[in-house]
file final_29.pdb (PDB, C-alpha atoms, pLDDT in the B column)
MODEL        1
ATOM      1  CA  MET O1401      -2.077  -3.759  22.873  1.00 43.00           C
ATOM      2  CA  THR O1402      -3.034  -0.208  21.960  1.00 43.00           C
ATOM      3  CA  ILE O1403      -2.109   2.483  19.530  1.00 46.00           C
ATOM      4  CA  THR O1404      -1.153   5.721  21.266  1.00 48.00           C
ATOM      5  CA  ARG O1405      -3.752   8.477  21.414  1.00 47.00           C
ATOM      6  CA  ARG O1406      -1.353  10.771  19.604  1.00 52.00           C
ATOM      7  CA  ALA O1407      -1.017   8.212  16.854  1.00 49.00           C
ATOM      8  CA  PHE O1408      -4.787   7.955  16.529  1.00 43.00           C
ATOM      9  CA  THR O1409      -5.371  11.696  16.287  1.00 44.00           C
ATOM     10  CA  THR O1410      -2.434  12.120  13.924  1.00 46.00           C
ATOM     11  CA  MET O1411      -3.790   9.556  11.494  1.00 43.00           C
ATOM     12  CA  LEU O1412      -7.329  10.896  11.511  1.00 40.00           C
ATOM     13  CA  SER O1413      -6.169  14.446  10.933  1.00 43.00           C
ATOM     14  CA  LEU O1414      -4.147  13.533   7.879  1.00 42.00           C
ATOM     15  CA  THR O1415      -5.692  14.720   4.625  1.00 36.00           C
ATOM     16  CA  GLY O1416      -9.146  14.686   6.136  1.00 38.00           C
ATOM     17  CA  LEU O1417      -9.100  10.942   6.671  1.00 36.00           C
ATOM     18  CA  ALA O1418     -11.895  11.052   9.197  1.00 35.00           C
ATOM     19  CA  ALA O1419     -14.170  12.338   6.449  1.00 34.00           C
ATOM     20  CA  LEU O1420     -12.677  10.197   3.696  1.00 34.00           C
ATOM     21  CA  ALA O1421     -13.015   6.839   5.399  1.00 35.00           C
ATOM     22  CA  GLY O1422     -15.787   4.929   3.711  1.00 36.00           C
ATOM     23  CA  LEU O1423     -16.578   7.748   1.293  1.00 32.00           C
ATOM     24  CA  SER O1424     -13.852   7.436  -1.326  1.00 35.00           C
ATOM     25  CA  PRO O1425     -15.203   6.773  -4.848  1.00 33.00           C
ATOM     26  CA  LEU O1426     -13.225   3.571  -5.212  1.00 30.00           C
ATOM     27  CA  ARG O1427     -15.501   2.010  -7.798  1.00 31.00           C
ATOM     28  CA  PHE O1428     -14.550   4.455 -10.481  1.00 30.00           C
ATOM     29  CA  ILE O1429     -11.491   4.423 -12.699  1.00 31.00           C
ATOM     30  CA  SER O1430     -10.297   7.791 -13.855  1.00 34.00           C
ATOM     31  CA  LYS O1431      -7.319   9.036 -15.770  1.00 38.00           C
ATOM     32  CA  ALA O1432      -5.689  12.170 -14.483  1.00 40.00           C
ATOM     33  CA  MET O1433      -3.073  14.337 -16.081  1.00 39.00           C
ATOM     34  CA  ALA O1434       0.261  12.525 -16.022  1.00 45.00           C
ATOM     35  CA  GLN O1435       2.118  13.341 -12.825  1.00 45.00           C
ATOM     36  CA  ALA O1436       5.755  14.202 -13.174  1.00 59.00           C
ATOM     37  CA  ALA O1437       7.585  10.889 -12.914  1.00 72.00           C
ATOM     38  CA  THR O1438      10.243  12.483 -10.744  1.00 78.00           C
ATOM     39  CA  ASP O1439       7.638  13.450  -8.139  1.00 81.00           C
ATOM     40  CA  VAL O1440       6.191   9.950  -8.056  1.00 86.00           C
ATOM     41  CA  ALA O1441       9.622   8.336  -7.937  1.00 76.00           C
ATOM     42  CA  LYS O1442      10.752  10.253  -4.878  1.00 74.00           C
ATOM     43  CA  PRO O1443      10.633   8.284  -1.613  1.00 73.00           C
ATOM     44  CA  VAL O1444      10.064  10.660   1.293  1.00 83.00           C
ATOM     45  CA  SER O1445      10.610   9.148   4.734  1.00 93.00           C
ATOM     46  CA  LEU O1446      10.509   5.372   4.363  1.00 95.00           C
ATOM     47  CA  PRO O1447      12.517   3.323   1.862  1.00 93.00           C
ATOM     48  CA  ASP O1448      10.444   2.046  -1.019  1.00 95.00           C
ATOM     49  CA  MET O1449       9.338  -1.563  -0.994  1.00 96.00           C
ATOM     50  CA  MET O1450       9.691  -2.808  -4.556  1.00 96.00           C
ATOM     51  CA  LEU O1451       9.770  -5.914  -6.696  1.00 98.00           C
ATOM     52  CA  GLY O1452      11.293  -6.333 -10.138  1.00 97.00           C
ATOM     53  CA  SER O1453      14.294  -5.022 -12.005  1.00 96.00           C
ATOM     54  CA  LYS O1454      15.530  -1.552 -11.156  1.00 92.00           C
ATOM     55  CA  ASP O1455      16.275  -1.161 -14.871  1.00 94.00           C
ATOM     56  CA  ALA O1456      12.733  -2.020 -15.991  1.00 96.00           C
ATOM     57  CA  ALA O1457      11.238   0.246 -18.628  1.00 96.00           C
ATOM     58  CA  VAL O1458       8.006   0.646 -16.661  1.00 97.00           C
ATOM     59  CA  THR O1459       7.485   1.513 -13.010  1.00 96.00           C
ATOM     60  CA  ILE O1460       4.117   0.995 -11.333  1.00 97.00           C
ATOM     61  CA  THR O1461       3.617   2.664  -7.969  1.00 97.00           C
ATOM     62  CA  GLU O1462       0.601   1.640  -5.913  1.00 97.00           C
ATOM     63  CA  TYR O1463      -0.843   3.603  -2.992  1.00 97.00           C
ATOM     64  CA  ALA O1464      -3.039   1.351  -0.862  1.00 98.00           C
ATOM     65  CA  SER O1465      -4.740   1.135   2.506  1.00 98.00           C
ATOM     66  CA  MET O1466      -4.561  -2.184   4.321  1.00 97.00           C
ATOM     67  CA  THR O1467      -8.245  -1.919   5.301  1.00 97.00           C
ATOM     68  CA  CYS O1468      -9.450  -1.096   1.779  1.00 97.00           C
ATOM     69  CA  PRO O1469     -11.498  -4.007   0.346  1.00 97.00           C
ATOM     70  CA  HIS O1470     -10.836  -2.831  -3.213  1.00 97.00           C
ATOM     71  CA  CYS O1471      -7.098  -2.962  -2.516  1.00 97.00           C
ATOM     72  CA  ALA O1472      -7.497  -6.497  -1.167  1.00 97.00           C
ATOM     73  CA  ALA O1473      -9.444  -7.531  -4.269  1.00 97.00           C
ATOM     74  CA  PHE O1474      -6.740  -6.087  -6.518  1.00 97.00           C
ATOM     75  CA  ASN O1475      -4.067  -7.898  -4.508  1.00 97.00           C
ATOM     76  CA  GLU O1476      -5.858 -11.224  -4.954  1.00 97.00           C
ATOM     77  CA  GLN O1477      -7.181 -10.960  -8.490  1.00 97.00           C
ATOM     78  CA  VAL O1478      -4.956  -8.629 -10.518  1.00 98.00           C
ATOM     79  CA  PHE O1479      -1.544  -8.278  -8.891  1.00 98.00           C
ATOM     80  CA  PRO O1480      -0.550 -11.968  -9.347  1.00 98.00           C
ATOM     81  CA  LYS O1481      -1.095 -11.609 -13.099  1.00 98.00           C
ATOM     82  CA  ILE O1482       0.985  -8.419 -13.243  1.00 98.00           C
ATOM     83  CA  LYS O1483       3.714 -10.135 -11.246  1.00 98.00           C
ATOM     84  CA  SER O1484       3.789 -13.193 -13.484  1.00 98.00           C
ATOM     85  CA  GLU O1485       3.557 -11.343 -16.793  1.00 98.00           C
ATOM     86  CA  TYR O1486       5.616  -8.233 -16.138  1.00 98.00           C
ATOM     87  CA  ILE O1487       7.472  -8.153 -12.810  1.00 98.00           C
ATOM     88  CA  ASP O1488       9.014 -11.627 -12.868  1.00 98.00           C
ATOM     89  CA  THR O1489      10.054 -11.127 -16.499  1.00 97.00           C
ATOM     90  CA  GLY O1490      11.969  -7.920 -15.761  1.00 97.00           C
ATOM     91  CA  LYS O1491       9.604  -5.630 -17.650  1.00 97.00           C
ATOM     92  CA  VAL O1492       8.078  -3.801 -14.679  1.00 98.00           C
ATOM     93  CA  ARG O1493       9.375  -2.502 -11.379  1.00 97.00           C
ATOM     94  CA  TYR O1494       6.556  -2.478  -8.816  1.00 98.00           C
ATOM     95  CA  ILE O1495       6.505  -0.170  -5.783  1.00 97.00           C
ATOM     96  CA  PHE O1496       3.995  -0.437  -2.922  1.00 97.00           C
ATOM     97  CA  ARG O1497       3.394   2.584  -0.696  1.00 97.00           C
ATOM     98  CA  GLU O1498       1.183   2.909   2.369  1.00 97.00           C
ATOM     99  CA  PHE O1499      -1.800   5.272   2.336  1.00 97.00           C
ATOM    100  CA  PRO O1500      -3.770   4.227   5.452  1.00 97.00           C
ATOM    101  CA  LEU O1501      -7.356   5.445   5.550  1.00 95.00           C
ATOM    102  CA  ASP O1502      -7.784   4.650   9.254  1.00 95.00           C
ATOM    103  CA  ILE O1503      -5.818   3.665  12.324  1.00 93.00           C
ATOM    104  CA  LYS O1504      -6.245  -0.079  11.736  1.00 95.00           C
ATOM    105  CA  ALA O1505      -4.733   0.301   8.275  1.00 96.00           C
ATOM    106  CA  ALA O1506      -1.828   2.190   9.826  1.00 96.00           C
ATOM    107  CA  ALA O1507      -1.336  -0.655  12.312  1.00 95.00           C
ATOM    108  CA  GLY O1508      -1.251  -3.208   9.495  1.00 96.00           C
ATOM    109  CA  SER O1509       1.294  -1.188   7.559  1.00 97.00           C
ATOM    110  CA  MET O1510       3.452  -0.738  10.643  1.00 97.00           C
ATOM    111  CA  LEU O1511       3.413  -4.480  11.297  1.00 97.00           C
ATOM    112  CA  SER O1512       4.472  -5.220   7.704  1.00 97.00           C
ATOM    113  CA  ARG O1513       7.386  -2.798   8.050  1.00 97.00           C
ATOM    114  CA  CYS O1514       8.476  -4.229  11.402  1.00 97.00           C
ATOM    115  CA  ILE O1515       8.377  -7.824  10.215  1.00 97.00           C
ATOM    116  CA  ALA O1516      10.101  -7.225   6.882  1.00 96.00           C
ATOM    117  CA  LYS O1517      12.574  -4.517   7.852  1.00 93.00           C
ATOM    118  CA  ASP O1518      14.465  -3.983   4.559  1.00 90.00           C
ATOM    119  CA  ASP O1519      13.419  -7.279   2.944  1.00 96.00           C
ATOM    120  CA  ALA O1520      11.043  -6.276   0.128  1.00 97.00           C
ATOM    121  CA  PRO O1521       9.884  -9.800  -0.860  1.00 96.00           C
ATOM    122  CA  LYS O1522       9.087 -10.490   2.798  1.00 96.00           C
ATOM    123  CA  TYR O1523       7.203  -7.187   3.010  1.00 97.00           C
ATOM    124  CA  PHE O1524       5.062  -8.108   0.018  1.00 97.00           C
ATOM    125  CA  ALA O1525       4.424 -11.559   1.512  1.00 96.00           C
ATOM    126  CA  VAL O1526       3.238 -10.126   4.836  1.00 95.00           C
ATOM    127  CA  THR O1527       1.144  -7.489   3.069  1.00 96.00           C
ATOM    128  CA  ASP O1528      -0.462 -10.226   0.981  1.00 96.00           C
ATOM    129  CA  MET O1529      -1.273 -12.156   4.154  1.00 94.00           C
ATOM    130  CA  LEU O1530      -2.855  -9.091   5.736  1.00 95.00           C
ATOM    131  CA  PHE O1531      -4.981  -8.435   2.674  1.00 96.00           C
ATOM    132  CA  ARG O1532      -6.123 -12.068   2.499  1.00 94.00           C
ATOM    133  CA  GLN O1533      -7.029 -12.084   6.211  1.00 92.00           C
ATOM    134  CA  GLN O1534      -8.496  -8.586   6.082  1.00 94.00           C
ATOM    135  CA  SER O1535     -11.966  -9.608   7.285  1.00 90.00           C
ATOM    136  CA  ASP O1536     -10.474 -11.220  10.392  1.00 89.00           C
ATOM    137  CA  TRP O1537      -8.283  -8.426  11.675  1.00 91.00           C
ATOM    138  CA  VAL O1538     -10.238  -5.410  10.397  1.00 91.00           C
ATOM    139  CA  MET O1539     -13.793  -6.368  11.333  1.00 87.00           C
ATOM    140  CA  LYS O1540     -12.994  -8.324  14.497  1.00 81.00           C
ATOM    141  CA  ASN O1541     -10.157  -9.390  16.800  1.00 80.00           C
ATOM    142  CA  THR O1542      -7.732  -6.789  15.459  1.00 86.00           C
ATOM    143  CA  THR O1543      -5.246  -7.085  18.312  1.00 84.00           C
ATOM    144  CA  GLU O1544      -5.306 -10.866  18.490  1.00 88.00           C
ATOM    145  CA  THR O1545      -4.984 -11.392  14.741  1.00 89.00           C
ATOM    146  CA  LEU O1546      -2.158  -8.902  14.244  1.00 92.00           C
ATOM    147  CA  THR O1547      -0.331 -10.447  17.186  1.00 93.00           C
ATOM    148  CA  ARG O1548      -0.773 -13.920  15.712  1.00 91.00           C
ATOM    149  CA  ILE O1549       0.489 -12.805  12.307  1.00 92.00           C
ATOM    150  CA  GLY O1550       3.462 -11.127  13.940  1.00 94.00           C
ATOM    151  CA  LYS O1551       4.292 -14.264  15.905  1.00 94.00           C
ATOM    152  CA  GLN O1552       3.983 -16.428  12.785  1.00 91.00           C
ATOM    153  CA  ALA O1553       6.557 -14.158  11.193  1.00 91.00           C
ATOM    154  CA  GLY O1554       8.968 -14.557  14.092  1.00 92.00           C
ATOM    155  CA  LEU O1555       8.148 -11.616  16.366  1.00 95.00           C
ATOM    156  CA  THR O1556       7.387 -11.976  20.051  1.00 94.00           C
ATOM    157  CA  GLN O1557       4.239 -10.458  21.509  1.00 92.00           C
ATOM    158  CA  GLN O1558       6.388  -7.761  23.090  1.00 95.00           C
ATOM    159  CA  GLN O1559       7.928  -6.945  19.711  1.00 96.00           C
ATOM    160  CA  VAL O1560       4.503  -6.703  18.097  1.00 95.00           C
ATOM    161  CA  GLU O1561       3.328  -4.354  20.836  1.00 94.00           C
ATOM    162  CA  ALA O1562       6.464  -2.239  20.525  1.00 96.00           C
ATOM    163  CA  CYS O1563       6.000  -2.075  16.766  1.00 96.00           C
ATOM    164  CA  LEU O1564       2.422  -0.820  16.987  1.00 94.00           C
ATOM    165  CA  LYS O1565       3.437   1.829  19.519  1.00 94.00           C
ATOM    166  CA  ASP O1566       6.398   3.030  17.431  1.00 96.00           C
ATOM    167  CA  GLN O1567       5.605   6.722  17.049  1.00 96.00           C
ATOM    168  CA  ALA O1568       8.643   7.383  14.850  1.00 97.00           C
ATOM    169  CA  LEU O1569       7.493   4.758  12.351  1.00 97.00           C
ATOM    170  CA  LEU O1570       3.955   6.134  12.340  1.00 96.00           C
ATOM    171  CA  ASP O1571       5.298   9.657  11.810  1.00 96.00           C
ATOM    172  CA  LYS O1572       7.200   8.472   8.730  1.00 96.00           C
ATOM    173  CA  ILE O1573       4.113   6.788   7.295  1.00 96.00           C
ATOM    174  CA  ALA O1574       2.201   9.997   7.980  1.00 95.00           C
ATOM    175  CA  ALA O1575       4.836  12.134   6.264  1.00 95.00           C
ATOM    176  CA  ASP O1576       4.809   9.923   3.185  1.00 95.00           C
ATOM    177  CA  GLN O1577       1.030  10.010   3.089  1.00 95.00           C
ATOM    178  CA  LYS O1578       1.014  13.789   3.366  1.00 95.00           C
ATOM    179  CA  TYR O1579       3.421  14.025   0.414  1.00 94.00           C
ATOM    180  CA  ALA O1580       1.219  11.707  -1.634  1.00 95.00           C
ATOM    181  CA  SER O1581      -1.850  13.748  -0.791  1.00 95.00           C
ATOM    182  CA  GLU O1582      -0.415  17.217  -1.314  1.00 93.00           C
ATOM    183  CA  VAL O1583       2.040  16.651  -4.170  1.00 93.00           C
ATOM    184  CA  LEU O1584       0.652  13.651  -6.042  1.00 94.00           C
ATOM    185  CA  LYS O1585      -3.014  14.416  -5.242  1.00 94.00           C
ATOM    186  CA  VAL O1586      -3.745  10.909  -4.008  1.00 95.00           C
ATOM    187  CA  ASP O1587      -7.120  11.000  -2.259  1.00 95.00           C
ATOM    188  CA  SER O1588      -8.417   7.422  -2.406  1.00 96.00           C
ATOM    189  CA  THR O1589      -7.205   3.851  -2.601  1.00 97.00           C
ATOM    190  CA  PRO O1590      -6.070   2.102  -4.582  1.00 98.00           C
ATOM    191  CA  THR O1591      -4.306   4.716  -6.683  1.00 97.00           C
ATOM    192  CA  PHE O1592      -1.643   3.725  -9.198  1.00 97.00           C
ATOM    193  CA  PHE O1593       0.993   5.565 -11.195  1.00 96.00           C
ATOM    194  CA  VAL O1594       2.300   3.950 -14.384  1.00 96.00           C
ATOM    195  CA  ASN O1595       5.459   5.829 -15.332  1.00 95.00           C
ATOM    196  CA  GLY O1596       3.907   8.862 -13.670  1.00 93.00           C
ATOM    197  CA  GLU O1597       0.392   8.601 -15.106  1.00 94.00           C
ATOM    198  CA  LYS O1598      -2.285   8.313 -12.449  1.00 95.00           C
ATOM    199  CA  ILE O1599      -4.959   5.619 -12.452  1.00 95.00           C
ATOM    200  CA  LYS O1600      -7.568   5.694  -9.687  1.00 94.00           C
ATOM    201  CA  GLY O1601      -9.645   2.852  -8.363  1.00 92.00           C
ATOM    202  CA  GLU O1602     -10.075  -0.792  -9.232  1.00 86.00           C
ATOM    203  CA  THR O1603      -8.310  -1.564 -12.486  1.00 94.00           C
ATOM    204  CA  SER O1604      -8.284  -4.801 -14.452  1.00 96.00           C
ATOM    205  CA  PHE O1605      -5.210  -6.602 -15.700  1.00 98.00           C
ATOM    206  CA  GLU O1606      -6.304  -5.795 -19.256  1.00 97.00           C
ATOM    207  CA  GLU O1607      -6.368  -2.071 -18.491  1.00 97.00           C
ATOM    208  CA  PHE O1608      -2.880  -2.269 -17.045  1.00 97.00           C
ATOM    209  CA  ALA O1609      -1.680  -4.150 -20.104  1.00 97.00           C
ATOM    210  CA  LYS O1610      -3.016  -1.377 -22.339  1.00 97.00           C
ATOM    211  CA  LYS O1611      -0.884   1.094 -20.377  1.00 96.00           C
ATOM    212  CA  ILE O1612       2.221  -1.058 -20.038  1.00 97.00           C
ATOM    213  CA  ASN O1613       2.656  -2.618 -23.474  1.00 97.00           C
ATOM    214  CA  PRO O1614       3.070   0.630 -25.478  1.00 96.00           C
ATOM    215  CA  LEU O1615       5.703   1.788 -22.965  1.00 96.00           C
ATOM    216  CA  LEU O1616       7.656  -1.418 -23.491  1.00 95.00           C
ATOM    217  CA  LYS O1617       7.690  -0.900 -27.247  1.00 84.00           C
ATOM    218  CA  SER O1618       8.736   2.769 -27.092  1.00 69.00           C
TER     219      SER O1618
ENDMDL
END
call {"tool": "encode", "arguments": {"input": "final_29.pdb", "output": "structure tokens"}}
result
Amino acid sequence: MTITRRAFTTMLSLTGLAALAGLSPLRFISKAMAQAATDVAKPVSLPDMMLGSKDAAVTITEYASMTCPHCAAFNEQVFPKIKSEYIDTGKVRYIFREFPLDIKAAAGSMLSRCIAKDDAPKYFAVTDMLFRQQSDWVMKNTTETLTRIGKQAGLTQQQVEACLKDQALLDKIAADQKYASEVLKVDSTPTFFVNGEKIKGETSFEEFAKKINPLLKS
């Protein structure tokens, strides 16, 4: 199972990813000028994968790379608390968008999309699985592990292979990433927008609460 050469060169050329991989200052949290909420809210090529009420007062949009260890740590340690406290209670709508920093991350994102199709809860479940098994499929046995995950989710090996060679899907991920880079100035993962305000890097639940709670009261 292989990713096409065109796919590989396309991904590495995006936003200087070849230079960015491994060099992004993910340990630092910074607050940027609030991005126009309308720009952040706009889906480009792929439909948004979201959890929570569409009428929620607060929208959090996360840009993540499936191979980013900081994204995996956030998924395991912080996101469940946000989901329990804010998403499941109808206070926050949560959107996850792909920002792959390398070709393996792109493959993981493509597999999540193929398995879930338009089922957002299923997409989040597969993405969670990929983050939790990140060391297995990123550092070793990428093909075998992604195939196994795909089969566990109901795909055949042929369907997994077709998914990871789907140039149209990769082009859409690339287009969305280009928009995030050029318009929203996303340049590392994870990057979050809370009602349009950018937060870069690993962020604690307490820091999110400080951002969310005043917006719920206003």
call {"tool": "resolve_selection", "arguments": {"input": "final_29.pdb", "expression": "the PyMOL selection byres ((chain O and resi 1518-1520) around 12)", "output": "ChimeraX atom specification"}}
result
/O:1446-1452,1494-1497,1512-1517,1521-1527
call {"tool": "resolve_selection", "arguments": {"input": "final_29.pdb", "expression": "the PyMOL selection byres ((chain O and resi 1550-1555) around 10)", "output": "PyMOL selection string"}}
result
chain O and resi 1511-1512+1514-1516+1522+1526+1544-1549+1556-1561+1563
call {"tool": "write_last_selection", "arguments": {"input": "final_29.pdb", "atoms": "C-alpha atoms", "output": "PDB file, in the frame of the given file"}}
result
ATOM      1  CA  LEU O1511       3.413  -4.480  11.297  1.00 97.00           C
ATOM      2  CA  SER O1512       4.472  -5.220   7.704  1.00 97.00           C
ATOM      3  CA  CYS O1514       8.476  -4.229  11.402  1.00 97.00           C
ATOM      4  CA  ILE O1515       8.377  -7.824  10.215  1.00 97.00           C
ATOM      5  CA  ALA O1516      10.101  -7.225   6.882  1.00 96.00           C
ATOM      6  CA  LYS O1522       9.087 -10.490   2.798  1.00 96.00           C
ATOM      7  CA  VAL O1526       3.238 -10.126   4.836  1.00 95.00           C
ATOM      8  CA  GLU O1544      -5.306 -10.866  18.490  1.00 88.00           C
ATOM      9  CA  THR O1545      -4.984 -11.392  14.741  1.00 89.00           C
ATOM     10  CA  LEU O1546      -2.158  -8.902  14.244  1.00 92.00           C
ATOM     11  CA  THR O1547      -0.331 -10.447  17.186  1.00 93.00           C
ATOM     12  CA  ARG O1548      -0.773 -13.920  15.712  1.00 91.00           C
ATOM     13  CA  ILE O1549       0.489 -12.805  12.307  1.00 92.00           C
ATOM     14  CA  THR O1556       7.387 -11.976  20.051  1.00 94.00           C
ATOM     15  CA  GLN O1557       4.239 -10.458  21.509  1.00 92.00           C
ATOM     16  CA  GLN O1558       6.388  -7.761  23.090  1.00 95.00           C
ATOM     17  CA  GLN O1559       7.928  -6.945  19.711  1.00 96.00           C
ATOM     18  CA  VAL O1560       4.503  -6.703  18.097  1.00 95.00           C
ATOM     19  CA  GLU O1561       3.328  -4.354  20.836  1.00 94.00           C
ATOM     20  CA  CYS O1563       6.000  -2.075  16.766  1.00 96.00           C
TER      21      CYS O1563
END
call {"tool": "closest_residue", "arguments": {"input": "final_29.pdb", "among": "O:Asp1587, O:Glu1606, O:Glu1476, O:Asp1576", "to": "Val1440 of chain O", "atoms": "only C-alpha atoms"}}
result
O:Asp1576
call {"tool": "atom_distance", "arguments": {"input": "final_29.pdb", "atom1": "atom CA of Asn1475 of chain O", "atom2": "atom CA of Glu1597 of chain O"}}
result
20.1 Å
call {"tool": "closest_residue", "arguments": {"input": "final_29.pdb", "among": "O:His1470, O:Pro1590, O:Ile1503, O:Ala1456", "to": "Lys1565 of chain O", "atoms": "all atoms listed in the file"}}
result
O:Ile1503
call {"tool": "decode", "arguments": {"input": "final_29.pdb", "residues": "segment 1481-1492 of chain O", "atoms": "N, CA, C and O atoms", "output": "PDB file, in the first residue's frame"}}
result
ATOM      1  N   LYS O1481     -12.169  16.322  28.962  1.00  0.00           N
ATOM      2  CA  LYS O1481     -12.724  17.248  29.953  1.00  0.00           C
ATOM      3  C   LYS O1481     -13.574  18.325  29.267  1.00  0.00           C
ATOM      4  O   LYS O1481     -14.642  18.688  29.760  1.00  0.00           O
ATOM      5  N   ILE O1482     -13.092  18.832  28.145  1.00  0.00           N
ATOM      6  CA  ILE O1482     -13.863  19.826  27.389  1.00  0.00           C
ATOM      7  C   ILE O1482     -15.177  19.201  26.909  1.00  0.00           C
ATOM      8  O   ILE O1482     -16.238  19.832  26.976  1.00  0.00           O
ATOM      9  N   LYS O1483     -15.090  17.964  26.444  1.00  0.00           N
ATOM     10  CA  LYS O1483     -16.295  17.295  25.955  1.00  0.00           C
ATOM     11  C   LYS O1483     -17.320  17.116  27.069  1.00  0.00           C
ATOM     12  O   LYS O1483     -18.512  17.412  26.887  1.00  0.00           O
ATOM     13  N   SER O1484     -16.858  16.650  28.224  1.00  0.00           N
ATOM     14  CA  SER O1484     -17.766  16.407  29.333  1.00  0.00           C
ATOM     15  C   SER O1484     -18.377  17.693  29.879  1.00  0.00           C
ATOM     16  O   SER O1484     -19.584  17.769  30.132  1.00  0.00           O
ATOM     17  N   GLU O1485     -17.541  18.707  30.031  1.00  0.00           N
ATOM     18  CA  GLU O1485     -17.970  19.949  30.688  1.00  0.00           C
ATOM     19  C   GLU O1485     -18.742  20.873  29.756  1.00  0.00           C
ATOM     20  O   GLU O1485     -19.709  21.523  30.161  1.00  0.00           O
ATOM     21  N   TYR O1486     -18.340  20.923  28.494  1.00  0.00           N
ATOM     22  CA  TYR O1486     -18.893  21.951  27.609  1.00  0.00           C
ATOM     23  C   TYR O1486     -19.627  21.416  26.376  1.00  0.00           C
ATOM     24  O   TYR O1486     -20.674  21.949  26.000  1.00  0.00           O
ATOM     25  N   ILE O1487     -19.068  20.389  25.730  1.00  0.00           N
ATOM     26  CA  ILE O1487     -19.687  19.910  24.490  1.00  0.00           C
ATOM     27  C   ILE O1487     -20.966  19.140  24.781  1.00  0.00           C
ATOM     28  O   ILE O1487     -22.024  19.403  24.201  1.00  0.00           O
ATOM     29  N   ASP O1488     -20.879  18.177  25.692  1.00  0.00           N
ATOM     30  CA  ASP O1488     -22.034  17.333  26.008  1.00  0.00           C
ATOM     31  C   ASP O1488     -23.159  18.106  26.684  1.00  0.00           C
ATOM     32  O   ASP O1488     -24.316  17.653  26.690  1.00  0.00           O
ATOM     33  N   THR O1489     -22.843  19.259  27.243  1.00  0.00           N
ATOM     34  CA  THR O1489     -23.855  20.084  27.914  1.00  0.00           C
ATOM     35  C   THR O1489     -24.430  21.164  26.998  1.00  0.00           C
ATOM     36  O   THR O1489     -25.231  21.987  27.440  1.00  0.00           O
ATOM     37  N   GLY O1490     -24.024  21.168  25.735  1.00  0.00           N
ATOM     38  CA  GLY O1490     -24.597  22.103  24.772  1.00  0.00           C
ATOM     39  C   GLY O1490     -24.002  23.495  24.794  1.00  0.00           C
ATOM     40  O   GLY O1490     -24.495  24.397  24.111  1.00  0.00           O
ATOM     41  N   LYS O1491     -22.904  23.675  25.530  1.00  0.00           N
ATOM     42  CA  LYS O1491     -22.325  25.012  25.653  1.00  0.00           C
ATOM     43  C   LYS O1491     -21.311  25.320  24.557  1.00  0.00           C
ATOM     44  O   LYS O1491     -21.086  26.484  24.235  1.00  0.00           O
ATOM     45  N   VAL O1492     -20.696  24.275  24.011  1.00  0.00           N
ATOM     46  CA  VAL O1492     -19.628  24.454  23.023  1.00  0.00           C
ATOM     47  C   VAL O1492     -19.875  23.561  21.818  1.00  0.00           C
ATOM     48  O   VAL O1492     -20.248  22.393  21.959  1.00  0.00           O
TER      49      VAL O1492
END
